[in-house]
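Heads up, coords.txt below (compact mmCIF, C-alpha atoms):
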# COMPACT_ATOMS: atom_id res chain seq x y z
CA MET G 540 49.22 7.10 26.86
CA THR G 541 50.86 6.16 23.62
CA GLU G 542 49.70 9.11 21.57
CA GLN G 543 52.78 9.11 19.39
CA THR G 544 52.54 5.52 18.16
CA ASP G 545 50.74 5.28 14.89
CA THR G 546 47.95 2.99 13.74
CA PRO G 547 46.25 1.11 16.52
CA ARG G 548 44.04 -0.45 13.91
CA ASP G 549 41.94 -3.56 13.52
CA ASP G 550 39.55 -4.62 10.79
CA ASP G 551 36.77 -2.66 12.35
CA VAL G 552 38.72 0.55 12.18
CA LEU G 553 39.69 -0.18 8.58
CA ALA G 554 35.98 -0.69 7.81
CA ALA G 555 35.16 2.65 9.47
CA GLU G 556 37.94 4.40 7.54
CA LEU G 557 36.58 3.02 4.29
CA VAL G 558 33.12 4.33 5.13
CA LEU G 559 34.45 7.73 6.19
CA GLY G 560 36.50 7.93 2.99
CA VAL G 561 39.84 8.49 4.75
CA ALA G 562 41.45 5.15 3.88
CA SER G 563 44.58 5.29 1.73
CA GLU G 564 44.34 4.17 -1.86
CA LYS G 565 46.02 0.90 -0.98
CA ASP G 566 43.63 0.28 1.91
CA LEU G 567 40.72 1.21 -0.30
CA LEU G 568 41.61 -1.42 -2.90
CA GLU G 569 42.26 -4.01 -0.22
CA GLY G 570 39.03 -3.08 1.56
CA ARG G 571 36.95 -3.38 -1.58
CA ARG G 572 38.41 -6.78 -2.29
CA ARG G 573 37.63 -7.97 1.21
CA MET G 574 34.11 -6.57 1.12
CA ALA G 575 33.46 -8.85 -1.84
CA THR G 576 35.05 -11.95 -0.37
CA ASP G 577 34.86 -11.71 3.42
CA SER G 578 31.34 -11.51 4.78
CA GLU G 579 32.47 -10.76 8.32
CA PHE G 580 34.40 -7.74 7.06
CA ALA G 581 31.49 -6.70 4.82
CA SER G 582 29.19 -6.77 7.85
CA ARG G 583 31.56 -4.39 9.67
CA VAL G 584 31.34 -2.01 6.73
CA VAL G 585 27.55 -2.22 6.88
CA PHE G 586 27.67 -1.58 10.65
CA TRP G 587 29.60 1.65 10.09
CA GLN G 588 27.56 2.76 7.12
CA GLU G 589 24.37 2.38 9.14
CA ARG G 590 25.76 4.11 12.23
CA LEU G 591 27.66 6.92 10.59
CA SER G 592 24.86 7.76 8.16
CA ALA G 593 22.92 8.85 11.25
CA MET G 594 25.04 12.01 11.00
CA THR G 595 22.73 12.97 8.14
CA ASP G 596 19.58 12.53 10.25
CA ASP G 597 19.41 16.16 11.28
CA ILE G 598 19.98 17.40 7.74
CA ASN G 599 16.65 18.87 6.67
CA PRO G 600 15.14 17.71 3.41
CA VAL G 601 15.31 20.40 0.74
CA LYS G 602 12.95 20.19 -2.20
CA PRO G 603 15.07 20.17 -5.34
CA PRO G 604 13.98 22.39 -8.24
CA ALA G 605 11.73 20.66 -10.81
CA ARG G 606 14.38 21.08 -13.52
CA VAL G 607 16.61 18.55 -11.76
CA LYS G 608 14.02 15.82 -12.18
CA LYS G 609 13.46 16.82 -15.75
CA LYS G 610 17.17 16.67 -16.55
CA LEU G 611 17.51 13.39 -14.72
CA LEU G 612 14.64 11.72 -16.54
CA ALA G 613 15.95 13.03 -19.85
CA GLN G 614 19.33 11.50 -19.04
CA VAL G 615 18.04 8.15 -17.82
CA PHE G 616 15.22 7.78 -20.34
CA PRO G 617 16.39 9.75 -23.37
CA LYS G 618 13.18 9.22 -25.32
CA THR G 619 10.84 10.78 -22.81
CA CYS G 620 12.23 14.28 -22.81
CA VAL G 621 10.13 15.71 -25.62
CA SER G 622 6.56 16.87 -25.48
CA VAL G 623 3.69 14.74 -26.66
CA LEU G 624 3.20 16.78 -29.79
CA GLN G 625 6.86 16.58 -30.69
CA ARG G 626 6.78 12.90 -29.99
CA VAL G 627 3.79 12.38 -32.19
CA TRP G 628 5.61 14.01 -35.07
CA LEU G 629 9.08 12.77 -34.37
CA TRP G 630 8.07 9.23 -33.71
CA GLN G 631 10.40 7.08 -35.66
CA GLY G 632 8.85 4.34 -37.66
CA VAL G 633 5.43 5.52 -36.70
CA SER G 634 2.73 4.27 -38.99
CA MET G 635 0.70 6.66 -41.10
CA VAL G 636 -2.42 5.41 -39.39
CA SER G 637 -1.23 6.52 -36.00
CA VAL G 638 -0.19 9.92 -37.26
CA LEU G 639 -3.65 10.33 -38.72
CA PHE G 640 -5.17 9.10 -35.51
CA ALA G 641 -3.23 11.59 -33.44
CA GLY G 642 -4.05 14.38 -35.86
CA TYR G 643 -7.70 13.48 -35.94
CA LEU G 644 -7.92 13.41 -32.18
CA GLY G 645 -6.23 16.78 -32.03
CA VAL G 646 -8.78 18.29 -34.40
CA GLN G 647 -11.69 16.65 -32.58
CA LEU G 648 -10.50 17.88 -29.28
CA LEU G 649 -9.83 21.39 -30.52
CA GLU G 650 -13.38 21.49 -31.85
CA MET G 651 -14.63 20.43 -28.49
CA ASN G 652 -12.63 23.11 -26.82
CA THR G 653 -14.23 25.85 -28.87
CA ARG G 654 -17.68 24.93 -27.64
CA PRO G 655 -18.79 26.83 -24.56
CA ASP G 656 -19.70 23.82 -22.42
CA ALA G 657 -16.46 22.01 -23.16
CA GLN G 658 -13.69 21.69 -20.65
CA PRO G 659 -10.66 23.85 -21.25
CA THR G 660 -7.83 21.35 -21.40
CA VAL G 661 -7.17 18.22 -23.35
CA LEU G 662 -4.81 15.66 -21.95
CA ALA G 663 -2.75 13.10 -23.73
CA ALA G 664 0.07 10.76 -22.89
CA GLN G 665 2.48 8.66 -24.81
CA LEU G 666 3.34 5.47 -22.98
CA GLY G 667 6.65 3.83 -23.73
CA SER G 668 9.91 2.65 -22.23
CA ASP G 669 13.48 1.82 -23.19
CA THR G 670 13.11 -1.77 -22.21
CA SER G 671 9.97 -2.80 -24.02
CA ALA G 672 8.57 -2.43 -27.50
CA LEU G 673 5.17 -1.45 -26.16
CA GLN G 674 4.11 2.03 -27.28
CA VAL G 675 0.65 3.33 -26.59
CA LEU G 676 -0.96 6.67 -27.28
CA ALA G 677 -3.61 7.81 -24.79
CA VAL G 678 -5.95 10.77 -25.06
CA VAL G 679 -8.47 11.76 -22.41
CA GLU G 680 -11.85 12.57 -23.87
CA PRO G 681 -12.92 15.30 -21.48
CA VAL G 682 -16.70 15.21 -21.72
CA LYS G 683 -17.22 11.49 -21.37
CA HIS G 684 -14.23 11.02 -19.07
CA GLU G 685 -12.84 8.29 -21.21
CA ILE G 686 -9.27 7.48 -22.07
CA ALA G 687 -8.92 6.41 -25.67
CA LEU G 688 -5.90 4.19 -26.08
CA ARG G 689 -4.21 3.07 -29.23
CA ARG G 690 -1.41 0.55 -29.25
CA ILE G 691 1.25 1.53 -31.76
CA SER G 692 3.66 -1.33 -31.19
CA GLY G 693 4.34 -4.20 -28.81
CA GLU G 694 2.71 -7.56 -28.31
CA VAL G 695 1.29 -9.15 -25.23
CA LEU G 696 3.21 -12.25 -24.10
CA PRO G 697 1.58 -15.69 -24.32
CA ASN G 698 -0.61 -16.37 -21.27
CA ARG G 699 -0.08 -12.85 -19.97
CA VAL G 700 -2.14 -9.69 -20.13
CA PHE G 701 -1.58 -5.94 -20.13
CA GLU G 702 -3.01 -4.11 -17.14
CA LEU G 703 -3.48 -0.36 -17.15
CA TRP G 704 -2.73 1.73 -14.07
CA ALA G 705 -3.33 5.34 -13.13
CA ILE G 706 -0.78 6.78 -10.73
CA LEU G 707 -1.19 10.04 -8.89
CA PRO G 708 1.81 11.63 -7.19
CA ASP G 709 2.59 9.96 -3.86
CA GLN G 710 -0.21 7.44 -4.24
CA ALA G 711 -0.35 3.76 -4.98
CA PRO G 712 -1.23 2.82 -8.57
CA VAL G 713 -4.95 2.38 -9.19
CA SER G 714 -5.87 -0.35 -11.63
CA LEU G 715 -7.91 0.78 -14.61
CA GLY G 716 -8.40 -2.81 -15.66
CA VAL G 717 -6.93 -5.48 -17.86
CA LEU G 718 -6.64 -4.45 -21.49
CA PRO G 719 -7.88 -6.70 -24.27
CA ASP G 720 -5.43 -7.76 -26.94
CA SER G 721 -6.67 -5.21 -29.44
CA GLU G 722 -5.19 -2.10 -30.96
CA THR G 723 -7.73 0.34 -29.61
CA VAL G 724 -9.62 0.47 -26.37
CA ARG G 725 -11.52 2.96 -24.30
CA VAL G 726 -11.38 3.13 -20.56
CA LEU G 727 -13.54 5.16 -18.25
CA VAL G 728 -11.67 7.44 -15.86
CA PRO G 729 -12.85 6.59 -12.33
CA GLU G 730 -14.78 9.44 -10.78
CA ALA G 731 -12.32 9.82 -7.92
CA LEU G 732 -9.50 10.55 -10.34
CA ARG G 733 -11.24 12.98 -12.68
CA SER G 734 -10.43 16.19 -10.86
CA GLN G 735 -6.74 15.26 -10.88
CA ALA G 736 -6.59 13.83 -14.38
CA ALA G 737 -3.79 16.21 -15.39
CA GLU G 738 -1.50 14.73 -12.76
CA ILE G 739 -2.03 11.11 -13.74
CA THR G 740 0.81 8.99 -15.00
CA LEU G 741 -0.50 6.04 -16.97
CA ALA G 742 1.40 2.78 -16.88
CA ILE G 743 0.91 -0.64 -18.40
CA SER G 744 2.26 -3.67 -16.60
CA ASP G 745 2.72 -7.28 -17.59
CA GLU G 746 0.39 -9.40 -15.44
CA PRO G 747 -0.95 -12.95 -15.21
CA ILE G 748 -4.28 -13.68 -16.91
CA GLY G 749 -7.05 -12.01 -14.97
CA GLY G 750 -4.81 -9.16 -13.92
CA SER G 751 -2.68 -8.48 -10.88
CA PRO G 752 -3.70 -10.77 -8.03
CA THR G 753 -2.62 -8.25 -5.40
CA GLY G 754 -4.23 -4.99 -6.50
CA ALA G 755 -0.78 -3.53 -7.21
CA PRO G 756 1.40 -4.09 -10.28
CA THR G 757 3.26 -7.40 -9.95
CA GLY G 758 4.99 -7.68 -13.31
CA ALA G 759 7.34 -5.43 -15.23
CA VAL G 760 6.08 -2.00 -16.18
CA LEU G 761 6.26 -2.14 -19.95
CA ALA G 762 5.23 1.38 -20.78
CA ALA G 763 4.49 4.55 -18.88
CA GLY G 764 3.85 8.20 -19.61
CA GLU G 765 2.66 11.35 -17.91
CA MET G 766 -0.40 13.27 -18.96
CA LYS G 767 0.44 16.41 -20.86
CA GLU G 768 -1.84 19.16 -22.01
CA LEU G 769 -2.28 19.21 -25.76
CA MET X 636 -19.26 14.74 -30.44
CA ALA X 637 -17.73 11.63 -29.12
CA LEU X 638 -14.56 10.15 -30.49
CA SER X 639 -15.05 7.25 -32.75
CA LEU X 640 -12.18 4.89 -33.10
CA GLU X 641 -13.75 3.33 -36.17
CA LYS X 642 -13.46 6.61 -37.97
CA VAL X 643 -9.97 7.46 -36.93
CA ALA X 644 -8.50 4.00 -37.09
CA PRO X 645 -9.93 2.29 -40.13
CA GLY X 646 -9.58 -1.43 -39.85
CA ALA X 647 -9.81 -1.38 -36.12
CA GLY X 648 -13.56 -0.93 -36.23
CA HIS X 649 -14.40 -4.58 -36.17
CA LEU X 650 -12.82 -4.81 -32.79
CA GLY X 651 -15.62 -2.74 -31.41
CA GLU X 652 -15.37 -0.36 -28.54
CA TRP X 653 -14.37 -1.41 -25.12
CA TYR X 654 -15.47 0.05 -21.89
CA TRP X 655 -14.23 -0.59 -18.47
CA TYR X 656 -16.09 0.25 -15.38
CA PHE X 657 -14.38 0.11 -12.11
CA SER X 658 -15.11 -1.50 -8.88
CA GLN X 659 -13.59 0.20 -5.92
CA THR X 660 -9.93 -0.70 -5.89
CA GLU X 661 -8.83 -2.31 -2.70
CA LYS X 662 -6.94 -0.09 -0.39
CA GLN X 663 -3.30 -0.99 -0.15
CA PRO X 664 -2.26 -2.31 3.25
CA LEU X 665 -0.29 0.20 5.25
CA GLN X 666 3.37 -0.36 4.69
CA SER X 667 6.15 0.98 6.76
CA ASP X 668 8.33 3.53 5.04
CA ARG X 669 11.20 1.11 4.98
CA THR X 670 9.18 -1.53 3.17
CA GLU X 671 7.77 1.05 0.81
CA ILE X 672 11.20 2.33 -0.17
CA GLU X 673 12.56 -1.20 -0.40
CA ASN X 674 9.74 -2.14 -2.75
CA LEU X 675 10.42 0.88 -4.91
CA ILE X 676 14.12 0.02 -5.11
CA ALA X 677 13.23 -3.59 -6.00
CA ARG X 678 11.01 -2.35 -8.83
CA VAL X 679 13.68 0.09 -10.00
CA ALA X 680 16.06 -2.88 -10.14
CA MET X 681 13.66 -4.35 -12.69
CA LYS X 682 13.90 -1.11 -14.67
CA ASP X 683 10.43 0.02 -13.66
CA ARG X 684 10.30 3.66 -14.69
CA VAL X 685 7.19 4.47 -12.73
CA ALA X 686 8.85 3.19 -9.58
CA PHE X 687 11.94 5.28 -10.35
CA ASP X 688 9.74 8.33 -10.68
CA GLN X 689 8.04 7.51 -7.39
CA LEU X 690 11.32 6.84 -5.63
CA TYR X 691 12.57 10.22 -6.79
CA ASP X 692 9.50 11.96 -5.43
CA ARG X 693 9.80 10.04 -2.19
CA VAL X 694 13.48 10.55 -1.33
CA SER X 695 14.92 13.34 -3.49
CA ALA X 696 14.38 16.08 -0.89
CA LYS X 697 16.37 14.17 1.73
CA LEU X 698 19.14 13.30 -0.73
CA PHE X 699 19.26 16.88 -2.01
CA GLY X 700 19.59 18.06 1.58
CA VAL X 701 22.57 15.72 2.02
CA CYS X 702 24.20 16.86 -1.25
CA LEU X 703 23.72 20.49 -0.27
CA ARG X 704 25.16 19.89 3.19
CA VAL X 705 28.32 18.34 1.73
CA LEU X 706 28.80 20.60 -1.27
CA ASN X 707 27.25 23.78 0.10
CA LYS X 708 26.65 25.01 -3.44
CA ARG X 709 23.31 24.61 -5.09
CA ALA X 710 24.39 23.99 -8.66
CA ALA X 711 26.96 21.41 -7.58
CA ALA X 712 24.41 19.74 -5.30
CA GLU X 713 21.92 19.52 -8.16
CA ASP X 714 24.53 17.83 -10.35
CA ALA X 715 25.54 15.49 -7.54
CA MET X 716 21.95 14.53 -6.95
CA GLN X 717 21.39 13.86 -10.62
CA ASP X 718 24.47 11.60 -10.62
CA THR X 719 23.18 9.93 -7.48
CA PHE X 720 19.89 8.98 -9.11
CA VAL X 721 21.63 7.77 -12.27
CA LYS X 722 23.69 5.47 -10.02
CA ILE X 723 20.55 4.33 -8.23
CA TRP X 724 18.91 3.52 -11.57
CA LYS X 725 21.96 1.56 -12.74
CA ASN X 726 22.76 -0.22 -9.49
CA ALA X 727 19.41 -0.86 -7.83
CA ASP X 728 19.82 -4.57 -8.51
CA ARG X 729 22.78 -4.61 -6.15
CA TYR X 730 20.80 -3.22 -3.27
CA SER X 731 19.09 -6.38 -2.01
CA ALA X 732 22.42 -8.11 -1.45
CA ASN X 733 24.16 -5.45 0.58
CA GLY X 734 22.36 -5.68 3.90
CA LEU X 735 21.86 -1.94 4.34
CA SER X 736 18.60 -0.28 5.21
CA PRO X 737 17.21 1.41 2.10
CA MET X 738 17.65 4.99 3.32
CA THR X 739 21.23 4.29 4.41
CA TRP X 740 22.01 2.92 0.98
CA LEU X 741 20.48 5.91 -0.80
CA ILE X 742 22.05 8.45 1.55
CA THR X 743 25.43 6.74 1.28
CA ILE X 744 25.34 7.04 -2.52
CA ALA X 745 24.36 10.72 -2.28
CA ARG X 746 27.01 11.45 0.32
CA ASN X 747 29.80 9.61 -1.50
CA THR X 748 28.91 11.14 -4.84
CA SER X 749 28.95 14.59 -3.26
CA ILE X 750 32.27 14.00 -1.55
CA ASP X 751 33.85 12.82 -4.79
CA ARG X 752 32.72 16.05 -6.43
CA LEU X 753 33.95 18.10 -3.51
CA ARG X 754 37.39 16.53 -3.69
CA ALA X 755 37.57 16.95 -7.45
CA ARG X 756 36.72 20.61 -6.93
CA LYS X 757 39.37 21.12 -4.29
CA LYS X 758 42.06 19.78 -6.56
CA GLY X 759 41.03 21.82 -9.56
CA HIS X 760 39.17 25.02 -10.16
CA GLN X 761 36.97 26.80 -7.65
CA ASP X 762 33.24 27.12 -8.34
CA ILE X 763 31.81 30.57 -7.82
CA ASP X 764 28.12 29.82 -7.42
CA THR X 765 26.69 30.32 -3.97
CA PRO X 766 23.91 28.50 -2.16
CA GLY X 767 20.59 30.09 -2.90
CA PHE X 768 17.37 30.34 -1.04
CA GLU X 769 16.25 26.93 0.07
CA LEU X 770 12.72 25.71 0.21
CA VAL X 771 12.43 23.26 3.03
CA ALA X 772 10.29 20.27 2.19
CA PRO X 773 7.80 18.80 4.66
CA GLY X 774 9.61 16.99 7.44
CA LEU X 775 9.61 13.37 8.45
CA ASN X 776 6.40 11.59 9.27
CA PRO X 777 6.01 10.64 12.94
CA GLU X 778 7.17 7.04 12.50
CA GLN X 779 10.30 8.09 10.63
CA ALA X 780 11.00 10.78 13.14
CA VAL X 781 10.94 8.34 16.06
CA VAL X 782 13.29 5.85 14.40
CA ALA X 783 15.57 8.52 13.02
CA SER X 784 15.78 10.46 16.24
CA SER X 785 16.58 7.40 18.35
CA GLU X 786 19.42 6.41 16.02
CA ALA X 787 20.64 9.95 15.67
CA SER X 788 20.61 10.62 19.39
CA ARG X 789 22.56 7.43 19.93
CA LEU X 790 25.26 8.40 17.46
CA SER X 791 25.38 12.03 18.46
CA GLY X 792 25.21 11.01 22.12
CA CYS X 793 28.22 8.79 21.53
CA LEU X 794 30.03 11.46 19.54
CA ASP X 795 29.46 13.75 22.51
CA THR X 796 31.33 11.34 24.78
CA LEU X 797 34.45 11.63 22.63
CA GLU X 798 37.13 14.23 23.04
CA GLU X 799 35.89 17.26 21.19
CA ASN X 800 38.49 17.21 18.43
CA ARG X 801 38.02 13.53 17.75
CA ALA X 802 34.30 14.01 17.30
CA LYS X 803 34.94 17.01 15.08
CA ALA X 804 37.37 14.99 13.00
CA ILE X 805 34.83 12.19 12.50
CA ARG X 806 32.14 14.67 11.49
CA GLY X 807 34.59 16.48 9.22
CA ALA X 808 35.49 13.27 7.45
CA TYR X 809 31.90 12.11 7.04
CA LEU X 810 30.12 15.33 6.24
CA ASP X 811 32.86 17.46 4.69
CA GLY X 812 34.93 14.77 3.02
CA GLU X 813 38.07 15.77 4.89
CA THR X 814 41.05 13.46 4.46
CA TYR X 815 43.66 12.71 7.12
CA ALA X 816 45.84 15.39 5.52
CA ASP X 817 43.00 17.95 5.63
CA LEU X 818 42.28 17.11 9.24
CA ALA X 819 45.93 17.23 10.29
CA ASP X 820 46.09 20.63 8.68
CA ARG X 821 42.94 21.87 10.37
CA PHE X 822 43.98 20.71 13.84
CA GLY X 823 47.64 21.61 13.33
CA VAL X 824 48.94 18.17 14.28
CA PRO X 825 51.20 15.70 12.48
CA LEU X 826 49.50 13.24 10.15
CA ASN X 827 50.26 10.23 12.37
CA THR X 828 48.80 11.94 15.39
CA MET X 829 45.70 12.72 13.40
CA ARG X 830 45.34 9.07 12.40
CA THR X 831 45.74 8.00 15.98
CA TRP X 832 43.13 10.52 17.20
CA LEU X 833 40.58 9.51 14.65
CA ARG X 834 41.13 5.77 15.06
CA ARG X 835 40.82 6.01 18.84
CA GLY X 836 37.74 8.07 18.32
CA LEU X 837 36.25 5.38 16.11
CA ILE X 838 37.04 2.63 18.62
CA ALA X 839 35.44 4.62 21.44
CA LEU X 840 32.46 5.32 19.21
CA ARG X 841 32.03 1.65 18.39
CA GLU X 842 32.11 0.74 22.06
CA CYS X 843 29.57 3.39 22.92
CA MET X 844 27.21 2.45 20.07
CA SER X 845 27.49 -1.29 20.72
CA GLN X 846 26.28 -0.90 24.30

Go ahead and render the structure in this file as structure tokens.
Amino acid sequence: MTEQTDTPRDDDVLAAELVLGVASEKDLLEGRRRMATDSEFASRVVFWQERLSAMTDDINPVKPPARVKKKLLAQVFPKTCVSVLQRVWLWQGVSMVSVLFAGYLGVQLLEMNTRPDAQPTVLAAQLGSDTSALQVLAVVEPVKHEIALRRISGEVLPNRVFELWAILPDQAPVSLGVLPDSETVRVLVPEALRSQAAEITLAISDEPIGGSPTGAPTGAVLAAGEMKEL
Amino acid sequence: MALSLEKVAPGAGHLGEWYWYFSQTEKQPLQSDRTEIENLIARVAMKDRVAFDQLYDRVSAKLFGVCLRVLNKRAAAEDAMQDTFVKIWKNADRYSANGLSPMTWLITIARNTSIDRLRARKKGHQDIDTPGFELVAPGLNPEQAVVASSEASRLSGCLDTLEENRAKAIRGAYLDGETYADLADRFGVPLNTMRTWLRRGLIALRECMSQ
């Protein structure tokens, strides 16, 4: 045995040391350079990452508290961290018409709520994103099960269409149809989704004319927003 | 009374009202978990926020488990996981080129982020928060469990063939972020001996896993 001699090391061991995080600073810099330029070496790193990550296989999943997701989304998408009502009022550059629209809907829906046969909650969503100008306000009309949508900003691209999707947690998006190129539209909430309307996230994707050919969004998601109770 | 867009949005009235009625949407073909997570990462790479939200719901419990295992403190693990997902959001476009399976890529980011925090903590001040009560999320689905358990048993089977301290050193480096200096300290051996142990352990491990 040659226990006392240091460093019986080949590239493979260097790759493993990089993955383990025990490589010296010099080796780390060298290793990173080689990962970018030497595909054989990079494949050794991948080999070790795949194998050693199996050490996490018996780590049980732990549901993180909801506040972590909230903080994360507020960090990644700074605009989405305020409530719908705040958003309606804080909306920068929002047109007077849309403020009136939001206010009017609020009054209408409150009236509805005071009637005995009306449903107790009113849902609304503001759809937007950092990467697109498209901004849409959506309010669920609870008696007729319709979503009233109003486009505040954003234009559809030439020879493309907007397609609206309803997404329930852990489920594939369900198409609610292609939207016409108009400012306001109404969409019926499919019966299967009505009981879970409060959990719906609405999203609008960019699709070829006629809508997604696959039944799932194929283009960029231009705007999205969760339902919130008003 | 029904909402009338003509009343609330003057000028939009001439557009009329639009109604959509829905045919049954086609059921999505069953995708393996790997494909599903890969698709989500691909959509996140295109800055698809809905996909990011879905990816979080899909994998956050596993990644939080990993962060907690490394950091052993809830508040620190929450911060590490938040950093992990910010990195995923920013770097998802690099995923397709790296040849890793999607879970390995995600877990590696979570593990490395946690270890960086752990090391920063060791050098500086000591946190005083303690791990709290943990709610265990539903486990793996059967397909995942089969794949995961075969890979895990292979690695842990191979780790079991190593000399005990070498296996412990490899686990300590991967799961606890121990450096050669930490390990030499823990096992009470000179640094060079520690390097030799661990490197021999890795070579034996590679041989076992390549069989």

For chain X, the nearest of the candidates G:Gly716, G:Pro752, G:Pro697, G:Pro747, counting only C-alpha atoms |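 Counting only C-alpha atoms, the residue closest to chain X is G:Gly716.
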
So, counting all atoms listed in the file, which residue among G:Ala581, G:Leu591, G:Ala711, G:Leu673 is closest to Asp550 in chain G?
->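 Result for the nearest residue to Asp550 in chain G: G:Ala581.
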
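Computed from the coordinates, the CA of Thr723 in chain G to CA of Val678 in chain G distance equals 11.5 Å.
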
Neighbours of range 664-680 of chain X within 12 Å (only C-alpha atoms; same-chain residues fewer than 3 positions away dropped), as a ChimeraX atom specification?
-> /G:709-711,744,753-760 /X:661,683-694,720-732,734-741,775-780,782-783

Between CA of Glu713 in chain X and CA of Val607 in chain G, distance in Å (one decimal) =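 Computing the Euclidean distance for CA of Glu713 in chain X and CA of Val607 in chain G yields 6.5 Å.
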
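Minimum atom-to-atom distance to Ser695 in chain X, evaluated using only C-alpha atoms, belongs to G:Asn599 out of G:Ser668, G:Pro617, G:Ser692, G:Asn599.
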
Could you tell me how far CA of Gly560 in chain G lies from CA of Ala745 in chain X, in Å and to one decimal?
->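 Distance reported for this atom pair: 13.5 Å.
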
Restricted to N, CA and C atoms, what does range 578-593 of chain G look like when written out as a PDB file, in the first residue's frame?
ATOM      1  N   SER G 578     -15.209  18.287 -24.110  1.00  0.00           N
ATOM      2  CA  SER G 578     -16.487  17.599 -23.921  1.00  0.00           C
ATOM      3  C   SER G 578     -16.310  16.260 -23.191  1.00  0.00           C
ATOM      4  N   GLU G 579     -15.150  15.646 -23.382  1.00  0.00           N
ATOM      5  CA  GLU G 579     -14.903  14.385 -22.673  1.00  0.00           C
ATOM      6  C   GLU G 579     -14.882  14.644 -21.152  1.00  0.00           C
ATOM      7  N   PHE G 580     -14.185  15.701 -20.780  1.00  0.00           N
ATOM      8  CA  PHE G 580     -14.120  16.062 -19.363  1.00  0.00           C
ATOM      9  C   PHE G 580     -15.512  16.447 -18.852  1.00  0.00           C
ATOM     10  N   ALA G 581     -16.233  17.233 -19.648  1.00  0.00           N
ATOM     11  CA  ALA G 581     -17.583  17.642 -19.233  1.00  0.00           C
ATOM     12  C   ALA G 581     -18.465  16.418 -19.012  1.00  0.00           C
ATOM     13  N   SER G 582     -18.282  15.383 -19.852  1.00  0.00           N
ATOM     14  CA  SER G 582     -19.131  14.198 -19.680  1.00  0.00           C
ATOM     15  C   SER G 582     -18.771  13.441 -18.401  1.00  0.00           C
ATOM     16  N   ARG G 583     -17.520  13.551 -17.958  1.00  0.00           N
ATOM     17  CA  ARG G 583     -17.147  12.944 -16.665  1.00  0.00           C
ATOM     18  C   ARG G 583     -17.820  13.703 -15.517  1.00  0.00           C
ATOM     19  N   VAL G 584     -17.896  15.005 -15.667  1.00  0.00           N
ATOM     20  CA  VAL G 584     -18.566  15.797 -14.622  1.00  0.00           C
ATOM     21  C   VAL G 584     -20.045  15.397 -14.551  1.00  0.00           C
ATOM     22  N   VAL G 585     -20.653  15.259 -15.737  1.00  0.00           N
ATOM     23  CA  VAL G 585     -22.058  14.846 -15.763  1.00  0.00           C
ATOM     24  C   VAL G 585     -22.222  13.464 -15.131  1.00  0.00           C
ATOM     25  N   PHE G 586     -21.307  12.547 -15.459  1.00  0.00           N
ATOM     26  CA  PHE G 586     -21.358  11.201 -14.870  1.00  0.00           C
ATOM     27  C   PHE G 586     -21.408  11.296 -13.339  1.00  0.00           C
ATOM     28  N   TRP G 587     -20.524  12.100 -12.770  1.00  0.00           N
ATOM     29  CA  TRP G 587     -20.478  12.186 -11.301  1.00  0.00           C
ATOM     30  C   TRP G 587     -21.673  12.930 -10.738  1.00  0.00           C
ATOM     31  N   GLN G 588     -22.114  13.961 -11.449  1.00  0.00           N
ATOM     32  CA  GLN G 588     -23.298  14.668 -10.939  1.00  0.00           C
ATOM     33  C   GLN G 588     -24.491  13.729 -10.883  1.00  0.00           C
ATOM     34  N   GLU G 589     -24.671  12.954 -11.947  1.00  0.00           N
ATOM     35  CA  GLU G 589     -25.799  12.019 -11.978  1.00  0.00           C
ATOM     36  C   GLU G 589     -25.684  10.987 -10.856  1.00  0.00           C
ATOM     37  N   ARG G 590     -24.472  10.410 -10.715  1.00  0.00           N
ATOM     38  CA  ARG G 590     -24.321   9.314  -9.751  1.00  0.00           C
ATOM     39  C   ARG G 590     -24.391   9.834  -8.321  1.00  0.00           C
ATOM     40  N   LEU G 591     -23.645  10.899  -8.058  1.00  0.00           N
ATOM     41  CA  LEU G 591     -23.580  11.354  -6.669  1.00  0.00           C
ATOM     42  C   LEU G 591     -24.897  11.974  -6.208  1.00  0.00           C
ATOM     43  N   SER G 592     -25.665  12.540  -7.153  1.00  0.00           N
ATOM     44  CA  SER G 592     -26.935  13.139  -6.726  1.00  0.00           C
ATOM     45  C   SER G 592     -27.896  12.066  -6.208  1.00  0.00           C
ATOM     46  N   ALA G 593     -27.606  10.792  -6.514  1.00  0.00           N
ATOM     47  CA  ALA G 593     -28.432   9.721  -5.956  1.00  0.00           C
ATOM     48  C   ALA G 593     -28.360   9.704  -4.423  1.00  0.00           C
TER      49      ALA G 593
END
